[in-house]
Each structure stands twice: as C-alpha cells, then as structure tokens.
>>> print(open('final-v1.cif').read())   # mmCIF, C-alpha atoms; chains and numbers go by the auth columns
data_data
#
loop_
_atom_site.group_PDB
_atom_site.id
_atom_site.type_symbol
_atom_site.label_atom_id
_atom_site.label_comp_id
_atom_site.label_asym_id
_atom_site.label_seq_id
_atom_site.Cartn_x
_atom_site.Cartn_y
_atom_site.Cartn_z
_atom_site.B_iso_or_equiv
_atom_site.auth_seq_id
_atom_site.auth_asym_id
ATOM 1 C CA MET A 1 0.000 0.000 0.000 0.00 267 A
ATOM 2 C CA SER A 2 1.295 3.443 -0.875 0.00 268 A
ATOM 3 C CA PRO A 3 1.025 6.489 1.423 0.00 269 A
ATOM 4 C CA ASP A 4 -1.660 7.979 -0.826 0.00 270 A
ATOM 5 C CA GLU A 5 -3.630 4.723 -0.747 0.00 271 A
ATOM 6 C CA TYR A 6 -3.358 4.731 3.048 0.00 272 A
ATOM 7 C CA LEU A 7 -4.758 8.267 3.176 0.00 273 A
ATOM 8 C CA ASP A 8 -7.587 7.366 0.783 0.00 274 A
ATOM 9 C CA ALA A 9 -8.520 4.425 3.033 0.00 275 A
ATOM 10 C CA VAL A 10 -8.784 6.478 6.245 0.00 276 A
ATOM 11 C CA ASP A 11 -12.315 6.737 7.642 0.00 277 A
ATOM 12 C CA GLU A 12 -14.090 9.818 6.277 0.00 278 A
ATOM 13 C CA LYS A 13 -14.561 11.189 9.794 0.00 279 A
ATOM 14 C CA ARG A 14 -10.810 11.121 10.517 0.00 280 A
ATOM 15 C CA ARG A 15 -9.522 11.894 7.012 0.00 281 A
ATOM 16 C CA PRO A 16 -9.440 15.732 7.295 0.00 282 A
ATOM 17 C CA ASP A 17 -7.319 15.584 10.461 0.00 283 A
ATOM 18 C CA VAL A 18 -5.034 12.888 9.042 0.00 284 A
ATOM 19 C CA LEU A 19 -4.540 14.854 5.826 0.00 285 A
ATOM 20 C CA ALA A 20 -3.755 17.986 7.862 0.00 286 A
ATOM 21 C CA LEU A 21 -1.272 16.074 10.047 0.00 287 A
ATOM 22 C CA ASP A 22 0.368 14.527 6.981 0.00 288 A
ATOM 23 C CA ALA A 23 0.771 18.016 5.496 0.00 289 A
ATOM 24 C CA LEU A 24 2.138 19.347 8.805 0.00 290 A
ATOM 25 C CA ILE A 25 4.730 16.568 9.021 0.00 291 A
ATOM 26 C CA ARG A 26 5.761 16.985 5.394 0.00 292 A
ATOM 27 C CA GLU A 27 6.172 20.747 5.889 0.00 293 A
ATOM 28 C CA GLU A 28 8.186 20.456 9.106 0.00 294 A
ATOM 29 C CA ALA A 29 10.219 17.415 8.046 0.00 295 A
ATOM 30 C CA PRO A 30 10.572 17.686 4.266 0.00 296 A
ATOM 31 C CA GLY A 31 13.683 15.509 4.194 0.00 297 A
ATOM 32 C CA LEU A 32 11.942 12.448 5.621 0.00 298 A
ATOM 33 C CA ASP A 33 10.689 9.898 3.102 0.00 299 A
ATOM 34 C CA ARG A 34 7.034 8.893 3.531 0.00 300 A
ATOM 35 C CA VAL A 35 6.174 5.176 3.659 0.00 301 A
ATOM 36 C CA VAL A 36 3.502 2.843 4.983 0.00 302 A
ATOM 37 C CA GLN A 37 4.881 0.570 7.675 0.00 303 A
ATOM 38 C CA ARG A 38 3.203 -1.447 10.427 0.00 304 A
ATOM 39 C CA GLY A 39 -0.240 -0.324 9.289 0.00 305 A
ATOM 40 C CA MET A 40 0.456 3.405 9.552 0.00 306 A
ATOM 41 C CA LEU A 41 2.085 6.265 7.723 0.00 307 A
ATOM 42 C CA GLY A 42 5.738 6.587 8.546 0.00 308 A
ATOM 43 C CA TYR A 43 8.269 9.314 7.898 0.00 309 A
ATOM 44 C CA GLY A 44 12.009 8.751 7.864 0.00 310 A
ATOM 45 C CA PRO A 45 12.407 4.978 7.581 0.00 311 A
ATOM 46 C CA PHE A 46 15.572 3.500 9.041 0.00 312 A
ATOM 47 C CA ARG A 47 17.045 0.154 10.059 0.00 313 A
ATOM 48 C CA TYR A 48 18.038 -0.541 13.623 0.00 314 A
ATOM 49 C CA ARG A 49 20.152 -3.183 15.256 0.00 315 A
ATOM 50 C CA TYR A 50 20.173 -4.151 18.923 0.00 316 A
ATOM 51 C CA ALA A 51 23.356 -5.199 20.709 0.00 317 A
ATOM 52 C CA THR A 52 21.957 -8.754 20.582 0.00 318 A
ATOM 53 C CA GLY A 53 22.127 -8.618 16.792 0.00 319 A
ATOM 54 C CA ARG A 54 18.356 -8.408 16.280 0.00 320 A
ATOM 55 C CA GLU A 55 17.540 -6.065 13.402 0.00 321 A
ATOM 56 C CA GLY A 56 14.415 -4.411 12.112 0.00 322 A
ATOM 57 C CA GLU A 57 12.862 -1.443 10.397 0.00 323 A
ATOM 58 C CA ALA A 58 11.128 1.553 11.924 0.00 324 A
ATOM 59 C CA THR A 59 10.307 5.153 11.094 0.00 325 A
ATOM 60 C CA LEU A 60 11.390 8.258 12.932 0.00 326 A
ATOM 61 C CA ILE A 61 7.795 9.558 12.979 0.00 327 A
ATOM 62 C CA GLY A 62 4.602 7.551 12.589 0.00 328 A
ATOM 63 C CA LEU A 63 0.999 8.645 12.094 0.00 329 A
ATOM 64 C CA ALA A 64 -1.909 6.287 12.735 0.00 330 A
ATOM 65 C CA ALA A 65 -5.635 6.856 12.417 0.00 331 A
ATOM 66 C CA GLN A 66 -7.045 4.531 15.036 0.00 332 A
ATOM 67 C CA LYS A 67 -10.651 3.952 16.000 0.00 333 A
ATOM 68 C CA ARG A 68 -10.677 6.321 18.984 0.00 334 A
ATOM 69 C CA TYR A 69 -7.485 8.328 18.542 0.00 335 A
ATOM 70 C CA LEU A 70 -5.041 9.861 16.174 0.00 336 A
ATOM 71 C CA SER A 71 -1.595 8.721 17.217 0.00 337 A
ATOM 72 C CA LEU A 72 1.694 10.423 16.463 0.00 338 A
ATOM 73 C CA TYR A 73 4.731 8.259 17.245 0.00 339 A
ATOM 74 C CA VAL A 74 8.096 9.968 17.669 0.00 340 A
ATOM 75 C CA LEU A 75 11.060 7.628 18.033 0.00 341 A
ATOM 76 C CA CYS A 76 13.647 10.022 19.426 0.00 342 A
ATOM 77 C CA SER A 77 15.145 10.508 22.830 0.00 343 A
ATOM 78 C CA VAL A 78 16.789 13.455 24.516 0.00 344 A
ATOM 79 C CA ASP A 79 18.642 13.380 27.829 0.00 345 A
ATOM 80 C CA GLY A 80 17.453 9.828 28.502 0.00 346 A
ATOM 81 C CA ARG A 81 13.758 10.610 27.920 0.00 347 A
ATOM 82 C CA TYR A 82 11.555 10.073 24.931 0.00 348 A
ATOM 83 C CA LEU A 83 11.134 13.331 23.023 0.00 349 A
ATOM 84 C CA ALA A 84 7.317 13.076 23.070 0.00 350 A
ATOM 85 C CA GLU A 85 7.366 12.934 26.890 0.00 351 A
ATOM 86 C CA THR A 86 9.199 16.253 27.039 0.00 352 A
ATOM 87 C CA TYR A 87 6.233 17.911 25.298 0.00 353 A
ATOM 88 C CA ALA A 88 3.552 16.578 27.694 0.00 354 A
ATOM 89 C CA ASP A 89 3.047 19.867 29.559 0.00 355 A
ATOM 90 C CA ARG A 90 2.666 21.727 26.242 0.00 356 A
ATOM 91 C CA LEU A 91 0.045 19.308 24.887 0.00 357 A
ATOM 92 C CA PRO A 92 -2.609 19.149 27.629 0.00 358 A
ATOM 93 C CA GLY A 93 -5.276 17.977 25.153 0.00 359 A
ATOM 94 C CA ALA A 94 -3.310 14.823 24.392 0.00 360 A
ATOM 95 C CA SER A 95 -2.441 11.613 26.149 0.00 361 A
ATOM 96 C CA ILE A 96 1.331 11.178 26.070 0.00 362 A
ATOM 97 C CA GLY A 97 2.982 7.781 26.281 0.00 363 A
ATOM 98 C CA LYS A 98 6.705 7.213 26.036 0.00 364 A
ATOM 99 C CA SER A 99 6.947 7.849 22.315 0.00 365 A
ATOM 100 C CA CYS A 100 3.287 8.391 21.456 0.00 366 A
ATOM 101 C CA VAL A 101 1.048 11.459 21.397 0.00 367 A
ATOM 102 C CA ARG A 102 -2.639 10.452 21.246 0.00 368 A
ATOM 103 C CA PHE A 103 -5.573 12.813 20.740 0.00 369 A
ATOM 104 C CA THR A 104 -9.148 12.496 19.549 0.00 370 A
ATOM 105 C CA ALA A 105 -9.028 15.380 17.069 0.00 371 A
ATOM 106 C CA LEU A 106 -6.431 17.807 15.759 0.00 372 A
ATOM 107 C CA GLY A 107 -8.436 20.712 17.188 0.00 373 A
ATOM 108 C CA LYS A 108 -7.851 19.349 20.717 0.00 374 A
ATOM 109 C CA VAL A 109 -4.102 20.056 20.640 0.00 375 A
ATOM 110 C CA ASP A 110 -1.892 23.032 19.860 0.00 376 A
ATOM 111 C CA GLU A 111 -0.868 22.565 16.232 0.00 377 A
ATOM 112 C CA GLN A 112 2.148 24.836 16.645 0.00 378 A
ATOM 113 C CA VAL A 113 3.493 22.603 19.429 0.00 379 A
ATOM 114 C CA LEU A 114 3.055 19.549 17.182 0.00 380 A
ATOM 115 C CA ARG A 115 5.006 21.407 14.503 0.00 381 A
ATOM 116 C CA GLU A 116 7.832 22.026 16.965 0.00 382 A
ATOM 117 C CA LEU A 117 7.855 18.380 18.064 0.00 383 A
ATOM 118 C CA VAL A 118 8.021 17.116 14.468 0.00 384 A
ATOM 119 C CA ALA A 119 10.719 19.628 13.486 0.00 385 A
ATOM 120 C CA GLU A 120 12.836 18.720 16.507 0.00 386 A
ATOM 121 C CA ALA A 121 12.531 14.998 15.767 0.00 387 A
ATOM 122 C CA ALA A 122 13.447 15.532 12.119 0.00 388 A
ATOM 123 C CA ALA A 123 16.494 17.578 13.136 0.00 389 A
ATOM 124 C CA MET A 124 17.622 14.824 15.506 0.00 390 A
ATOM 125 C CA GLY A 125 17.273 12.029 12.966 0.00 391 A
ATOM 126 C CA PRO A 126 17.375 8.288 13.473 0.00 392 A
ATOM 127 C CA GLN A 127 20.741 8.321 15.207 0.00 393 A
ATOM 128 C CA ASP A 128 18.772 9.466 18.257 0.00 394 A
ATOM 129 C CA ALA A 129 15.898 7.042 17.708 0.00 395 A
ATOM 130 C CA ALA A 130 14.693 5.229 20.767 0.00 396 A
ATOM 131 C CA GLY A 131 12.117 2.661 21.715 0.00 397 A
ATOM 132 C CA VAL A 132 12.384 0.378 18.726 0.00 398 A
#
>>> encode(input="final-v1.cif", output="structure tokens")
Amino acid sequence: MSPDEYLDAVDEKRRPDVLALDALIREEAPGLDRVVQRGMLGYGPFRYRYATGREGEATLIGLAAQKRYLSLYVLCSVDGRYLAETYADRLPGASIGKSCVRFTALGKVDEQVLRELVAEAAAMGPQDAAGV
C-alpha cells in the first residue's frame, strides 16, 4: 500500500485531520521519506540493530488513524527521555505515552506545538531514535 492509498482508506470522519497532520509533518520534516509501515504512515524509515544482533525497520515519525485516537509516534530521545514525553506539559489535550502522542481530534491540541515536536525529531534524525 502506498502512502496515498493509506490516506484514501482512512475513515471519512478522521480523514481531514489525518490529511492535515500529513501536510504538517511533510512541511516540518521535508527531508523524511514517507512510507507505509506497520499499518500506519511513517516518515524517515531506518534500520536498527540491537546489541543482541536483532535487526528491524522503523520510522522516525509515525501517524496512525485509530478507532478512537489519532496517534503520532516519535522515536527520538533526549537526555534519557523520549522526546514526546518532554512535550507533555505543552500538549494538555493529548495523552502522552513514552513515544506516542494520542488525541481524539487535531483541534484538541496546539498545532504549533506539534510542529515544533516534528521539526525537533526531524532535526535529531534516526541516530537518536529510541524505543524500537
């Protein structure tokens, strides 16, 4: 499935927010390739390898349209914390997990703060990816 096919398949109710988030990510992180991976849109694909030798693929930023939430995954860390966690106080309309920002609608969160989060992650790149 291509990224455009993914977007076309998003539920009509969620599609406007997902399209807006896709545009936001592409504006703030224009150097990150867009792919579909693990059932979601991903930006900035990379390969990782654990010390054990286990390898896999992930994306620096992920966007998923789930039944109850929109989820933005940010696989970066800063000072031993996931980058998304450092934005928790600036995104009171969202539920923040380690690397995940969940919200019911784009209008429930500060879009400018999301822009800053995405831009910071893109500037860090996969060398700072965490949680994979």
>>> resolve_selection(input="final-v1.cif", expression="the PyMOL selection byres ((chain A and resi 392) around 10)", output="MDAnalysis selection string")
chainID A and resid 310:314 324:327 341:343 387:391 393:396
>>> resolve_selection(input="final-v1.cif", expression="the PyMOL selection byres ((chain A and resi 267) around 10)", output="count of residues only")
9
>>> closest_residue(input="final-v1.cif", among="A:Asp299, A:Asp376, A:Glu323, A:Glu294", to="Asp355 (chain A)", atoms="only C-alpha atoms")
A:Asp376
>>> atom_distance(input="final-v1.cif", atom1="CA of Gly308 (chain A)", atom2="CA of Leu372 (chain A)")
18.1 Å
>>> atom_distance(input="final-v1.cif", atom1="CA of Cys366 (chain A)", atom2="CA of Ala295 (chain A)")
17.6 Å
